[in-house]
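Asks: Next comes the structure file data36.cif, holding mmCIF, C-alpha atoms.
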data_query
loop_
_atom_site.label_atom_id
_atom_site.label_comp_id
_atom_site.auth_asym_id
_atom_site.auth_seq_id
_atom_site.Cartn_x
_atom_site.Cartn_y
_atom_site.Cartn_z
CA MET P 25 13.26 73.25 -2.20
CA LEU P 26 13.63 70.70 0.62
CA LEU P 27 15.86 67.64 0.31
CA GLU P 28 15.18 64.49 2.31
CA TYR P 29 18.17 62.71 3.82
CA ASP P 30 18.87 59.99 6.33
CA LEU P 31 21.62 60.66 8.86
CA GLN P 32 22.28 56.91 9.12
CA PHE P 33 23.89 57.03 5.67
CA PHE P 34 26.56 59.41 6.97
CA ALA P 35 27.41 57.16 9.92
CA LYS P 36 30.38 54.88 10.36
CA ASP P 37 30.78 51.84 8.08
CA GLY P 38 28.94 53.41 5.18
CA PRO P 39 25.29 53.17 4.10
CA GLY P 40 22.97 52.00 6.82
CA GLY P 41 25.13 53.17 9.71
CA GLU P 42 27.46 51.34 12.08
CA LYS P 43 27.18 47.58 12.44
CA THR P 44 25.74 47.33 15.93
CA GLU P 45 23.03 44.68 15.53
CA GLU P 46 23.50 40.97 16.19
CA PRO P 47 23.33 38.84 13.02
CA THR P 48 19.98 37.26 12.24
CA SER P 49 19.57 33.53 11.67
CA LYS P 50 19.08 34.20 7.95
CA LYS P 51 22.34 36.16 7.75
CA LEU P 52 24.23 33.32 9.47
CA SER P 53 22.54 30.71 7.27
CA ASP P 54 23.40 32.62 4.08
CA ALA P 55 26.99 33.08 5.25
CA ARG P 56 27.28 29.34 5.94
CA LYS P 57 26.00 28.56 2.44
CA GLU P 58 28.73 30.84 1.08
CA GLY P 59 31.33 28.93 3.11
CA GLN P 60 31.85 31.74 5.64
CA VAL P 61 32.26 30.12 9.06
CA ALA P 62 34.28 30.69 12.24
CA LYS P 63 37.02 28.16 11.64
CA SER P 64 40.70 28.03 12.58
CA ARG P 65 43.10 26.27 10.22
CA GLU P 66 45.67 26.30 13.00
CA ILE P 67 43.55 23.90 15.07
CA THR P 68 43.59 21.40 12.20
CA ASN P 69 47.32 21.88 11.62
CA ALA P 70 48.12 21.46 15.32
CA PHE P 71 46.17 18.21 15.66
CA GLU P 72 47.60 16.87 12.40
CA LEU P 73 51.12 17.62 13.65
CA LEU P 74 50.41 15.91 16.97
CA ALA P 75 48.85 12.90 15.19
CA LEU P 76 51.89 12.66 12.89
CA PHE P 77 54.37 12.33 15.75
CA ILE P 78 52.12 9.90 17.62
CA ILE P 79 52.05 7.69 14.52
CA LEU P 80 55.81 8.00 14.10
CA LYS P 81 56.37 6.97 17.70
CA PHE P 82 54.44 3.71 17.31
CA TRP P 83 54.87 3.06 13.58
CA THR P 84 58.49 4.05 12.88
CA ALA P 85 60.01 0.75 14.04
CA HIS P 86 57.60 -1.23 11.92
CA MET P 87 58.21 1.08 8.94
CA GLY P 88 61.96 0.59 9.33
CA GLU P 89 61.58 -3.18 9.29
CA LEU P 90 59.38 -3.03 6.19
CA PHE P 91 61.81 -0.69 4.41
CA VAL P 92 64.73 -3.00 5.15
CA GLY P 93 62.71 -5.97 3.95
CA LEU P 94 61.76 -4.09 0.78
CA PHE P 95 65.38 -3.28 -0.08
CA LYS P 96 66.50 -6.83 0.70
CA ASN P 97 63.79 -8.19 -1.58
CA ILE P 98 64.75 -5.87 -4.47
CA TYR P 99 68.49 -6.50 -4.22
CA THR P 100 67.89 -10.24 -3.87
CA GLN P 101 65.89 -10.32 -7.09
CA LEU P 102 68.31 -8.19 -9.16
CA PRO P 103 70.93 -10.95 -9.72
CA GLU P 104 68.21 -13.32 -10.89
CA TYR P 105 66.97 -10.78 -13.46
CA ILE P 106 70.54 -10.12 -14.62
CA LYS P 107 71.15 -13.86 -15.19
CA MET P 108 67.79 -14.18 -16.93
CA TYR P 109 68.63 -11.51 -19.52
CA ASP P 110 72.35 -12.36 -20.10
CA GLY P 111 73.93 -9.76 -17.86
CA SER P 112 71.53 -6.88 -18.55
CA ILE P 113 68.20 -5.73 -17.18
CA GLN P 114 65.44 -5.07 -19.65
CA GLN P 115 63.68 -1.70 -19.39
CA ILE P 116 60.30 -3.30 -18.86
CA THR P 117 61.70 -5.42 -16.01
CA PHE P 118 63.25 -2.40 -14.32
CA ARG P 119 59.93 -0.56 -14.64
CA ALA P 120 58.08 -3.46 -13.02
CA ILE P 121 60.53 -3.53 -10.10
CA PHE P 122 60.21 0.24 -9.65
CA ILE P 123 56.39 0.14 -9.71
CA ARG P 124 56.36 -2.69 -7.17
CA ALA P 125 58.73 -0.75 -4.91
CA MET P 126 56.61 2.40 -5.14
CA TYR P 127 53.49 0.38 -4.37
CA SER P 128 55.17 -1.04 -1.27
CA VAL P 129 56.24 2.46 -0.15
CA LEU P 130 52.68 3.73 -0.68
CA MET P 131 51.31 0.93 1.48
CA LEU P 132 53.78 1.96 4.19
CA ILE P 133 52.76 5.62 4.26
CA LEU P 134 49.05 5.01 3.53
CA PRO P 135 48.11 4.70 7.25
CA ILE P 136 49.77 8.07 7.93
CA LEU P 137 47.85 9.68 5.04
CA LEU P 138 44.53 8.17 6.10
CA ILE P 139 44.94 9.17 9.74
CA GLY P 140 45.95 12.69 8.65
CA PHE P 141 42.81 12.95 6.51
CA ALA P 142 40.64 11.62 9.34
CA VAL P 143 42.11 14.11 11.85
CA ALA P 144 41.56 17.05 9.45
CA PHE P 145 37.99 15.87 8.73
CA VAL P 146 37.10 15.49 12.42
CA CYS P 147 38.65 18.87 13.34
CA ASN P 148 36.59 20.65 10.68
CA ILE P 149 33.39 18.79 11.61
CA VAL P 150 33.83 19.66 15.30
CA GLN P 151 34.40 23.33 14.46
CA VAL P 152 31.68 23.99 11.87
CA LYS P 153 29.60 20.77 11.71
CA TRP P 154 28.69 19.11 8.42
CA LYS P 155 27.75 21.44 5.56
CA VAL P 156 28.94 20.81 2.01
CA THR P 157 29.12 23.84 -0.30
CA THR P 158 30.95 24.49 -3.56
CA LYS P 159 30.45 28.26 -3.60
CA PRO P 160 33.93 29.08 -2.18
CA LEU P 161 35.41 27.21 -5.19
CA LYS P 162 33.65 29.42 -7.72
CA PRO P 163 35.91 32.05 -9.31
CA LYS P 164 35.29 35.64 -8.23
CA PHE P 165 36.56 38.37 -10.52
CA SER P 166 36.53 40.79 -7.57
CA LYS P 167 39.56 38.93 -6.20
CA LEU P 168 41.51 39.98 -9.32
CA ASN P 169 40.95 43.65 -8.54
CA PRO P 170 44.39 45.19 -7.68
CA ALA P 171 42.80 47.74 -5.32
CA SER P 172 41.07 44.94 -3.35
CA GLY P 173 44.34 43.00 -3.27
CA ILE P 174 46.22 45.97 -1.82
CA LYS P 175 43.51 46.41 0.81
CA ARG P 176 43.82 42.75 1.81
CA ILE P 177 47.61 43.08 2.08
CA PHE P 178 47.37 46.03 4.47
CA SER P 179 44.31 44.81 6.38
CA ILE P 180 44.00 43.87 10.06
CA ASN P 181 43.63 40.23 9.05
CA SER P 182 47.00 40.32 7.24
CA LEU P 183 48.60 41.83 10.34
CA VAL P 184 47.15 39.05 12.50
CA GLU P 185 48.43 36.41 10.06
CA LEU P 186 51.90 38.00 10.21
CA ILE P 187 51.84 37.94 14.01
CA LYS P 188 50.75 34.28 13.95
CA SER P 189 53.59 33.39 11.58
CA ILE P 190 56.16 35.13 13.78
CA LEU P 191 54.70 33.45 16.86
CA LYS P 192 54.84 30.00 15.23
CA ILE P 193 58.45 30.48 14.15
CA SER P 194 59.37 31.72 17.63
CA ILE P 195 57.72 28.70 19.23
CA ILE P 196 59.55 26.27 16.95
CA VAL P 197 62.90 27.99 17.56
CA TYR P 198 62.34 28.06 21.33
CA ALA P 199 61.16 24.42 21.45
CA VAL P 200 64.12 23.20 19.37
CA TYR P 201 66.70 25.27 21.25
CA SER P 202 65.48 24.42 24.76
CA TYR P 203 65.12 20.70 23.99
CA LEU P 204 68.51 20.36 22.29
CA LYS P 205 70.18 22.33 25.07
CA LYS P 206 68.62 20.03 27.65
CA ASN P 207 69.67 16.87 25.76
CA ALA P 208 73.09 18.12 24.62
CA PRO P 209 75.04 15.57 26.77
CA SER P 210 73.27 12.59 25.20
CA ILE P 211 73.74 14.05 21.70
CA PHE P 212 77.51 14.44 22.19
CA LEU P 213 77.74 10.82 23.36
CA MET P 214 76.13 9.49 20.16
CA TYR P 215 79.56 9.05 18.48
CA GLY P 216 80.11 6.06 20.73
CA LEU P 217 76.89 4.31 19.70
CA SER P 218 76.42 1.80 16.92
CA LEU P 219 74.59 2.79 13.73
CA ASN P 220 71.27 1.25 14.77
CA GLN P 221 71.52 2.70 18.26
CA GLY P 222 72.37 6.12 16.81
CA ILE P 223 69.40 6.00 14.44
CA MET P 224 67.09 5.03 17.31
CA GLN P 225 68.50 7.83 19.47
CA ILE P 226 67.98 10.42 16.70
CA GLY P 227 64.48 9.09 16.07
CA ASN P 228 63.54 9.48 19.74
CA LEU P 229 64.98 13.01 19.80
CA VAL P 230 63.01 14.03 16.69
CA ILE P 231 59.74 12.51 17.92
CA ASN P 232 59.99 13.99 21.42
CA LEU P 233 60.89 17.35 19.92
CA GLY P 234 57.91 17.06 17.58
CA PHE P 235 55.61 16.45 20.57
CA ARG P 236 56.90 19.62 22.24
CA ILE P 237 56.41 21.68 19.07
CA ALA P 238 52.88 20.28 18.58
CA LEU P 239 51.86 21.04 22.17
CA PHE P 240 53.22 24.59 21.96
CA TYR P 241 51.47 24.95 18.61
CA MET P 242 48.19 24.02 20.33
CA ILE P 243 48.40 27.24 22.33
CA VAL P 244 48.63 29.29 19.13
CA ALA P 245 45.78 27.25 17.62
CA VAL P 246 43.45 27.87 20.57
CA MET P 247 44.25 31.59 20.50
CA ASP P 248 43.57 31.66 16.75
CA LEU P 249 40.24 29.84 17.21
CA VAL P 250 39.11 32.44 19.77
CA TYR P 251 40.22 35.24 17.42
CA GLN P 252 38.40 33.68 14.44
CA LYS P 253 35.15 33.37 16.42
CA VAL P 254 35.35 36.97 17.65
CA LYS P 255 36.22 38.21 14.15
CA PHE P 256 33.41 36.20 12.54
CA LYS P 257 30.88 37.52 15.05
CA LYS P 258 32.04 41.08 14.38
CA ASP P 259 31.99 40.60 10.59
CA MET P 260 28.47 39.16 10.71
CA LYS P 261 27.02 42.09 12.65
CA MET P 262 24.45 44.13 10.76
CA THR P 263 23.40 47.73 10.54
CA LYS P 264 19.89 48.74 11.52
CA GLN P 265 19.16 49.37 7.85
CA GLU P 266 20.28 45.84 6.90
CA VAL P 267 17.99 44.37 9.56
CA LYS P 268 15.08 46.41 8.21
CA ASP P 269 15.82 45.42 4.62
CA GLU P 270 16.06 41.74 5.55
CA TYR P 271 12.77 41.94 7.42
CA LYS P 272 11.18 43.52 4.35
CA ASP P 273 12.56 40.76 2.13
CA GLN P 274 11.26 38.03 4.43
CA GLU P 275 8.01 39.50 5.67
CA GLY P 276 7.31 42.02 2.97
CA ASP P 277 7.19 45.81 3.10
CA PRO P 278 4.91 46.85 6.02
CA LYS P 279 3.26 49.49 3.81
CA VAL P 280 2.53 46.92 1.11
CA LYS P 281 1.26 44.42 3.69
CA SER P 282 -0.97 47.10 5.20
CA LYS P 283 -2.47 47.85 1.79
CA GLN P 284 -2.97 44.13 1.17
CA ARG P 285 -4.75 43.74 4.52
CA GLN P 286 -6.88 46.76 3.72
CA ARG P 287 -7.88 45.32 0.33
CA MET P 288 -8.66 41.95 1.95
CA MET P 289 -10.80 43.64 4.59
CA GLU P 290 -12.63 45.61 1.91
CA ALA P 291 -13.28 42.45 -0.11
CA SER P 292 -14.48 40.64 3.02
CA ARG P 293 -16.70 43.60 3.87
CA ARG P 294 -18.24 43.56 0.39
CA ARG P 295 -19.00 39.84 0.65
CA MET P 296 -20.48 40.43 4.10
CA MET P 297 -22.74 43.22 2.86
CA GLN P 298 -23.83 41.05 -0.10
CA ALA P 299 -24.83 38.25 2.31
CA LEU P 300 -26.54 40.63 4.73
CA PRO P 301 -30.02 40.62 3.01
CA GLU P 302 -30.30 36.91 3.90
CA ALA P 303 -30.20 37.66 7.67
CA ASP P 304 -33.24 37.10 9.89
CA VAL P 305 -32.47 39.83 12.41
CA VAL P 306 -29.93 42.54 13.27
CA ILE P 307 -29.12 42.86 16.98
CA THR P 308 -27.77 46.32 17.92
CA ASN P 309 -26.13 48.16 20.81
CA PRO P 310 -27.89 50.42 19.37
CA THR P 311 -25.22 52.96 18.26
CA HIS P 312 -21.87 51.16 18.49
CA TYR P 313 -22.45 47.53 17.44
CA ALA P 314 -24.64 45.68 14.97
CA VAL P 315 -24.68 41.90 14.47
CA ALA P 316 -26.77 40.18 11.76
CA ILE P 317 -28.04 36.69 12.66
CA LYS P 318 -29.56 33.97 10.46
CA TYR P 319 -30.91 30.54 11.29
CA ASP P 320 -30.86 27.91 8.53
CA PRO P 321 -31.42 24.37 9.90
CA GLU P 322 -30.31 22.86 6.57
CA LEU P 323 -26.92 24.60 6.84
CA TYR P 324 -26.19 24.67 10.59
CA ASP P 325 -27.77 23.23 13.73
CA ALA P 326 -27.59 26.66 15.40
CA PRO P 327 -27.94 30.33 14.31
CA TYR P 328 -24.83 31.89 12.79
CA VAL P 329 -23.46 35.39 12.28
CA VAL P 330 -23.92 36.75 8.74
CA ALA P 331 -22.37 40.17 9.33
CA LYS P 332 -21.11 42.37 12.13
CA GLY P 333 -19.60 45.80 12.54
CA SER P 334 -18.99 48.72 14.87
CA ASP P 335 -19.62 52.45 14.63
CA TYR P 336 -19.77 53.47 10.93
CA LEU P 337 -20.05 49.89 9.69
CA ALA P 338 -22.80 49.21 12.25
CA GLN P 339 -24.80 52.11 10.78
CA LYS P 340 -24.29 50.72 7.24
CA ILE P 341 -25.53 47.29 8.40
CA LYS P 342 -28.67 48.89 9.86
CA GLU P 343 -29.25 50.88 6.66
CA VAL P 344 -29.07 47.73 4.53
CA ALA P 345 -31.32 45.94 7.03
CA ARG P 346 -33.97 48.67 6.68
CA GLU P 347 -33.75 48.54 2.89
CA HIS P 348 -34.47 44.79 2.96
CA ASN P 349 -37.07 44.93 5.75
CA ILE P 350 -34.89 42.99 8.22
CA GLU P 351 -35.97 43.41 11.82
CA ILE P 352 -33.58 45.44 14.03
CA VAL P 353 -33.68 44.47 17.70
CA GLU P 354 -31.89 46.44 20.41
CA ASN P 355 -30.14 44.27 22.98
CA LYS P 356 -26.98 45.90 24.29
CA PRO P 357 -25.41 42.98 26.27
CA LEU P 358 -26.18 40.42 23.57
CA ALA P 359 -24.86 42.67 20.78
CA ARG P 360 -21.59 43.23 22.64
CA MET P 361 -21.16 39.51 23.40
CA LEU P 362 -21.84 38.44 19.83
CA TYR P 363 -19.56 41.10 18.35
CA ALA P 364 -16.66 40.25 20.68
CA ASN P 365 -16.89 36.43 20.61
CA VAL P 366 -18.33 35.23 17.30
CA ASP P 367 -16.64 35.61 13.91
CA ILE P 368 -18.50 36.15 10.67
CA GLY P 369 -19.76 32.80 9.35
CA SER P 370 -19.43 31.12 12.77
CA ILE P 371 -22.33 29.68 14.75
CA VAL P 372 -23.49 31.17 18.03
CA PRO P 373 -21.82 29.55 21.08
CA PRO P 374 -24.03 27.36 23.32
CA GLU P 375 -23.99 29.87 26.19
CA LEU P 376 -25.78 32.39 23.95
CA TYR P 377 -28.33 29.97 22.44
CA GLN P 378 -31.09 30.97 24.85
CA ALA P 379 -30.70 34.75 24.33
CA VAL P 380 -30.50 34.47 20.52
CA ALA P 381 -33.39 32.01 20.40
CA GLU P 382 -35.59 34.48 22.30
CA VAL P 383 -34.73 37.25 19.81
CA LEU P 384 -35.44 35.00 16.82
CA ALA P 385 -38.73 33.84 18.36
CA PHE P 386 -39.73 37.49 18.84
CA VAL P 387 -38.87 38.29 15.21
CA TYR P 388 -40.64 35.22 13.81
CA HIS P 389 -43.72 36.16 15.89
CA LEU P 390 -43.71 39.68 14.41
CA GLN P 391 -43.40 38.23 10.91
CA GLY P 392 -46.15 35.72 11.56
CA LYS P 393 -43.90 32.73 11.05
CA VAL P 394 -44.89 31.18 14.39
#
Do you think you could lay out the structure here as C-alpha cells?
Replies:
Amino acid sequence: MLLEYDLQFFAKDGPGGEKTEEPTSKKLSDARKEGQVAKSREITNAFELLALFIILKFWTAHMGELFVGLFKNIYTQLPEYIKMYDGSIQQITFRAIFIRAMYSVLMLILPILLIGFAVAFVCNIVQVKWKVTTKPLKPKFSKLNPASGIKRIFSINSLVELIKSILKISIIVYAVYSYLKKNAPSIFLMYGLSLNQGIMQIGNLVINLGFRIALFYMIVAVMDLVYQKVKFKKDMKMTKQEVKDEYKDQEGDPKVKSKQRQRMMEASRRRMMQALPEADVVITNPTHYAVAIKYDPELYDAPYVVAKGSDYLAQKIKEVAREHNIEIVENKPLARMLYANVDIGSIVPPELYQAVAEVLAFVYHLQGKV
C-alpha cells in the first residue's frame, strides 16, 4: 500500500512550508480590513508629547492669567452669596459655582485636548491612510486562551516591547539628569527669586526639559516604526501553498476550469456541427483543415464561417458535408488563411473576398444556381 504525502507539510512554519513568498494584494487588503497594518504607536506618542510642550510654551502664560482671573471671580462672588443667604451658602448655589468653575477649566484645557486629538489623527492617517474598520473591536475568544496568553508573554514581540520600555525610561532619566546637571547653578539661585519669577523659572525648566525628552523619544519612535514595518512585512509573507490556495479561491481550481472549458468547447462544437448542414461549401487543406462557408445576403453582406476544424474535427466536418451533399473544394492556402484568421460566425475579411467569391461561384455553377 502506497501513501501519498507532500514534503512541504513537514517544512518550517507548519502546513504549506516556510513563508517565503511576498504577500499578495488580496492578503494585504484582507489584513487591512481586519485592522492589521504597519503602524507605530510610539510615533503618535512622540508627536503628541512634542505638541504638548509646544502648546505649554505659548499657552501657559495665558492659562495662568485665566486661572488667576477665575479664582478672583469665584472669591469675589462668595461674599455676595453669603450675604444673600444670611451667612450661609445654599447647596444649589455652591453646585452652580462649582459647575461654572469646571466649565471654565474645561475651556482652558480644550485647545490642548483638540490639538492632541488632531496630532494623533494626522499621525495615524500619515502612517496607514484612511480606512475605518470595527473588526479589531470585536471580541475574540481565542484571546482568552491561557496557552495563547503565555505564548504572547514569551514572544519576540513582548521582548521588543520590554526593550522599548527600558530604552524609553533610560532616555527620560538621561535627559532629566543631563539637563538638571547643566542648569544646576540657576536652580540653586531660585531661592533669591520672587514667587512669580520662581514659577516662571520652573515653567521654563519643565518645558525645555520636555522638549529634550520629546526629541529623544522621536529616535525611539522612528526605530519602532522601522521595526513595525519589517515585522508586518514578515508576518504577511505567505507559503507557496497559501499562494496556490488563494489563486484557486480567486480564479478557481485549474482542473475545474479546464473541465469547464472542455464542456464549453464541446457545447460549441455541437452547435457548430448542427449549423454545418446550412453551409454552401467546405474548403479543405485537404487533410489538416476544413472550413465551412455560407453566403446569406439577408443575414450578412459577405460570406461567413459556419464551422471550422483541424485534423480529426476536419474529417468530421467533411463527413457531415458528404452526408448533406455539401460541395468540398480543396484550396490549401485559402483553407489555412480562413482557419487562422476567421472565427466561427464571423464574416470573411475583405482581403479574402475575391478568393472565397471564386469558390462560391464555382460551387453555384456546379449546382446550377448560376
Asks: Hey, can you check how far CA of Leu249 (chain P) sits from CA of Glu266 (chain P)?
Replies: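 Separation of CA of Leu249 (chain P) and CA of Glu266 (chain P): 27.6 Å.
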Asks: For each of P:Ile317, P:Leu80, P:Ala385, P:Met126, take the minimum atom-to-atom distance to Leu94 (chain P), counting only C-alpha atoms, then give the residue where this is smallest.
Replies: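 Checking each candidate against Leu94 (chain P), we get P:Met126 as the closest.
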Asks: Expressed in Å to a single decimal, how great is the separation between CA of Ala142 (chain P) and CA of Lys81 (chain P)?
Replies: 18.4 Å
Asks: To one decimal place, how far is CA of Thr68 (chain P) from CA of Phe240 (chain P) in Å?
Replies: 14.1 Å
Asks: Can you list, as a list in words, the residues that the PyMOL selection byres ((chain P and resi 207) around 12) selects here?
Replies: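 Checked against the file, the PyMOL selection byres ((chain P and resi 207) around 12) matches Val200, Tyr201, Ser202, Tyr203, Leu204, Lys205, Lys206, Ala208, Pro209, Ser210, Ile211, Phe212, Leu213, Met214, Gln225, Ile226, Asn228, Leu229, Val230, Asn232 and Leu233 of chain P.
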Asks: When you look at Lys258 (chain P) with a cut-off of 10 Å (counting all atoms listed in the file), what residues show up, excluding the ones that are within fewer than 4 positions of it in the same chain? I need them as a list in words.
Replies: Lys43, Thr44, Glu45, Glu46, Pro47, Gln252, Lys253, Val254 and Met262 of chain P
Asks: Extract, using only C-alpha atoms, all DNA, RNA and protein residues at most 12 Å from Lys51 (chain P), discarding same-chain residues fewer than 3 positions from it, and format them as a list in words.
Replies: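 In the requested form, the answer reads Glu45, Glu46, Pro47, Thr48, Asp54, Ala55, Arg56, Lys57, Glu58, Gln60, Val61, Lys257, Asp259, Met260, Lys261, Met262, Thr263, Glu266, Val267, Asp269, Glu270, Tyr271 and Gln274 of chain P.
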Asks: For the file shown, what are the residues hit by the PyMOL selection byres ((chain P and resi 344) around 12), laid out as a list in words?
Replies: Met296, Met297, Gln298, Ala299, Leu300, Pro301, Glu302, Ala303, Val305, Val306, Ala314, Ala316, Ala331, Leu337, Ala338, Gln339, Lys340, Ile341, Lys342, Glu343, Ala345, Arg346, Glu347, His348, Asn349, Ile350, Glu351 and Ile352 of chain P
Asks: Is it possible to add N, CA and C atoms to region 179-200 of chain P and hand it back as a compact mmCIF listing (two decimals), in the frame of the given file?
Replies:
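And here is the file that came out, part-v5.txt:
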# COMPACT_ATOMS: atom_id res chain seq x y z
N SER P 179 45.48 44.91 5.49
CA SER P 179 44.31 44.81 6.38
C SER P 179 44.72 44.30 7.76
N ILE P 180 43.78 44.39 8.70
CA ILE P 180 44.00 43.87 10.06
C ILE P 180 44.23 42.36 10.02
N ASN P 181 43.50 41.68 9.15
CA ASN P 181 43.63 40.23 9.05
C ASN P 181 45.05 39.83 8.61
N SER P 182 45.63 40.60 7.68
CA SER P 182 47.00 40.32 7.24
C SER P 182 47.99 40.54 8.38
N LEU P 183 47.74 41.57 9.19
CA LEU P 183 48.60 41.83 10.34
C LEU P 183 48.53 40.69 11.34
N VAL P 184 47.31 40.18 11.57
CA VAL P 184 47.15 39.05 12.50
C VAL P 184 47.86 37.81 11.97
N GLU P 185 47.75 37.56 10.66
CA GLU P 185 48.43 36.41 10.06
C GLU P 185 49.95 36.54 10.20
N LEU P 186 50.46 37.78 10.04
CA LEU P 186 51.90 38.00 10.21
C LEU P 186 52.33 37.71 11.64
N ILE P 187 51.53 38.19 12.60
CA ILE P 187 51.84 37.94 14.01
C ILE P 187 51.82 36.45 14.32
N LYS P 188 50.82 35.73 13.74
CA LYS P 188 50.75 34.28 13.95
C LYS P 188 51.99 33.58 13.39
N SER P 189 52.41 34.01 12.20
CA SER P 189 53.59 33.39 11.58
C SER P 189 54.84 33.60 12.43
N ILE P 190 55.00 34.84 12.91
CA ILE P 190 56.16 35.13 13.78
C ILE P 190 56.09 34.32 15.07
N LEU P 191 54.88 34.20 15.61
CA LEU P 191 54.70 33.45 16.86
C LEU P 191 55.01 31.97 16.65
N LYS P 192 54.58 31.41 15.51
CA LYS P 192 54.84 30.00 15.23
C LYS P 192 56.34 29.75 15.07
N ILE P 193 57.00 30.63 14.34
CA ILE P 193 58.45 30.48 14.15
C ILE P 193 59.18 30.59 15.49
N SER P 194 58.74 31.54 16.31
CA SER P 194 59.37 31.72 17.63
C SER P 194 59.18 30.49 18.50
N ILE P 195 57.99 29.90 18.43
CA ILE P 195 57.72 28.70 19.23
C ILE P 195 58.60 27.55 18.78
N ILE P 196 58.72 27.37 17.47
CA ILE P 196 59.55 26.27 16.95
C ILE P 196 61.01 26.46 17.35
N VAL P 197 61.50 27.71 17.19
CA VAL P 197 62.90 27.99 17.56
C VAL P 197 63.12 27.75 19.05
N TYR P 198 62.20 28.23 19.89
CA TYR P 198 62.34 28.06 21.33
C TYR P 198 62.28 26.58 21.71
N ALA P 199 61.32 25.83 21.11
CA ALA P 199 61.16 24.42 21.45
C ALA P 199 62.40 23.64 21.05
N VAL P 200 62.93 23.92 19.84
CA VAL P 200 64.12 23.20 19.37
C VAL P 200 65.33 23.55 20.23
